[in-house]
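**Student:** As input, take entry.txt (compact mmCIF, C-alpha atoms and all ligand atoms):
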```txt
# COMPACT_ATOMS: atom_id res chain seq x y z
CA MET X 1016 -47.13 28.14 118.81
CA PRO X 1017 -50.50 29.72 119.43
CA THR X 1018 -52.67 28.59 122.24
CA TYR X 1019 -56.25 27.79 121.50
CA SER X 1020 -59.06 27.61 123.95
CA TYR X 1021 -61.74 25.05 123.62
CA ARG X 1022 -64.94 24.52 125.45
CA CYS X 1023 -67.10 21.50 125.33
CA THR X 1024 -70.67 22.10 124.40
CA GLU X 1025 -71.78 19.04 126.27
CA CYS X 1026 -70.05 19.03 129.64
CA ASP X 1027 -68.77 22.61 129.63
CA ASN X 1028 -65.22 21.43 129.98
CA ALA X 1029 -62.88 24.26 129.00
CA PHE X 1030 -59.18 23.94 128.38
CA ASP X 1031 -56.33 25.51 126.50
CA ILE X 1032 -54.06 23.66 124.12
CA GLN X 1033 -51.08 24.67 122.07
CA GLN X 1034 -51.46 23.89 118.43
CA SER X 1035 -49.66 24.91 115.35
CA PHE X 1036 -51.54 26.47 112.50
CA SER X 1037 -51.26 23.30 110.51
CA ASP X 1038 -52.84 21.19 113.19
CA ASN X 1039 -56.44 20.30 112.88
CA SER X 1040 -58.83 21.84 115.30
CA LEU X 1041 -60.01 19.64 118.07
CA THR X 1042 -63.58 18.63 117.72
CA GLU X 1043 -64.00 16.02 120.40
CA CYS X 1044 -64.04 16.63 124.12
CA PRO X 1045 -61.39 14.54 125.86
CA VAL X 1046 -63.62 14.22 128.87
CA CYS X 1047 -66.99 13.23 127.55
CA GLY X 1048 -66.37 12.92 123.83
CA GLY X 1049 -68.82 15.68 123.14
CA LYS X 1050 -68.58 18.40 120.62
CA LEU X 1051 -65.91 21.02 121.18
CA ARG X 1052 -66.24 24.66 120.35
CA LYS X 1053 -63.23 26.85 119.83
CA VAL X 1054 -63.18 29.84 122.11
CA PHE X 1055 -61.65 32.99 120.77
CA SER X 1056 -60.22 34.97 123.61
CA ALA X 1057 -58.04 37.12 121.45
CA VAL X 1058 -55.58 39.37 123.12
CA GLY X 1059 -56.37 42.99 122.49
CA VAL X 1060 -60.11 42.73 122.52
CA THR X 1061 -60.16 42.58 126.26
CA PHE X 1062 -60.29 46.32 126.80
CA THR X 1063 -63.51 46.99 124.96
CA GLY X 1064 -65.46 47.18 128.16
CA SER X 1065 -66.65 50.46 129.50
CA GLY X 1066 -64.58 52.08 132.17
CA PHE X 1067 -61.27 51.96 130.41
CA TYR X 1068 -59.74 55.39 130.02
CA ARG X 1069 -62.54 56.81 132.04
CA ASN X 1070 -60.04 58.93 133.97
CA ASP X 1071 -60.34 61.68 131.43
CA SER X 1072 -63.72 62.69 132.71
CA ARG X 1073 -62.33 65.12 135.23
CA PRO X 1074 -62.92 68.80 134.56
CA ALA X 1075 -60.10 70.27 132.56
CA SER X 1076 -59.74 73.47 134.48
CA THR X 1077 -55.98 73.48 134.77
CA SER X 1078 -54.35 71.87 131.80
CA SER X 1079 -50.90 71.85 133.39
CA SER X 1080 -51.77 69.28 136.05
CA SER X 1081 -52.17 66.35 133.76
CA SER X 1082 -49.63 64.03 135.27
CA THR X 1083 -49.47 65.36 138.79
CA PRO X 1084 -51.39 63.21 141.20
CA ALA X 1085 -53.19 65.17 143.81
CA PRO X 1086 -51.94 64.39 147.31
CA ALA X 1087 -55.40 63.79 148.51
CA ALA X 1088 -55.74 62.23 151.93
CA SER X 1089 -52.21 60.88 151.80
CA THR X 1090 -50.89 63.22 154.42
CA PRO X 1091 -52.10 62.26 157.87
CA ALA X 1092 -53.67 65.04 159.80
CA PRO X 1093 -51.56 66.32 162.67
CA ALA X 1094 -52.46 65.10 166.06
CA ALA X 1095 -55.48 66.96 167.13
CA PRO X 1096 -54.89 68.91 170.29
CA SER X 1097 -56.96 67.37 172.97
CA THR X 1098 -58.48 70.51 174.19
CA PRO X 1099 -61.46 69.78 176.37
CA ALA X 1100 -64.48 71.41 174.92
CA THR X 1101 -65.62 73.51 177.74
ZN ZN C 1201 -67.20 17.33 127.31
```
Could I get this file's structure written as structure tokens?

**Tutor:**
Amino acid sequence: MPTYSYRCTECDNAFDIQQSFSDNSLTECPVCGGKLRKVFSAVGVTFTGSGFYRNDSRPASTSSSSSTPAPAASTPAPAAPSTPAT
């Protein structure tokens, strides 16, 4: 059964409810009795924002290192010899 999201236009009460396709849409807010508006938060439209797949913006100098993560800053530097700077 699909889940629909509603939001009240009067008191801004938002909730989700499971309804079958044959059920009538809710039109009345259970809190204040105001007018409900159906919110379409469809799955799959969530990724339209910028920034997704932005990882491809690196310079393609070496095409063979596509899936190899660079070990950047993961290896701790060896203990620095405490030589007194004289
Ligand atoms: Zn309401």

**Student:** Counting all atoms listed in the file, which protein, DNA or RNA residues come within 8 Å of ligand ZN 1201 (chain C), given as an MDAnalysis selection string?

**Tutor:** chainID X and resid 1022:1028 1043:1051

**Student:** Could you please determine the separation between atom CA of Ile1032 of chain X and atom CA of Ser1020 of chain X in Å, to one decimal place?

**Tutor:**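 Separation of atom CA of Ile1032 of chain X and atom CA of Ser1020 of chain X: 6.4 Å.
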
**Student:** Taking 5 positions as the minimum chain separation for residues in the same chain, which residues sit within 8 Å of Pro1017 of chain X when counting all atoms listed in the file? Answer as a short mmCIF file (atom, residue, chain, number, x, y, z; two decimals) with C-alpha atoms, in the coordinates of the input.

**Tutor:**
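The new file around13.cif reads:
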```cif
data_model
loop_
_atom_site.label_atom_id
_atom_site.label_comp_id
_atom_site.auth_asym_id
_atom_site.auth_seq_id
_atom_site.Cartn_x
_atom_site.Cartn_y
_atom_site.Cartn_z
CA GLN X 1033 -51.08 24.67 122.07
CA GLN X 1034 -51.46 23.89 118.43
CA SER X 1035 -49.66 24.91 115.35
CA PHE X 1036 -51.54 26.47 112.50
#
```

**Student:** Excluding Tyr1019 of chain X and its own-chain neighbours fewer than 6 positions away, which residues fall within 9 Å of it when counting all atoms listed in the file? Please give them as a PyMOL selection string.

**Tutor:** chain X and resi 1030-1034+1040+1053-1056

**Student:** I'd like to know which of X:Met1016, X:Pro1099, X:Arg1052, X:Ala1094 is closest to Ala1029 of chain X, using all atoms listed in the file.

**Tutor:**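 Between X:Met1016, X:Pro1099, X:Arg1052, X:Ala1094, the residue approaching Ala1029 of chain X most closely is X:Arg1052.
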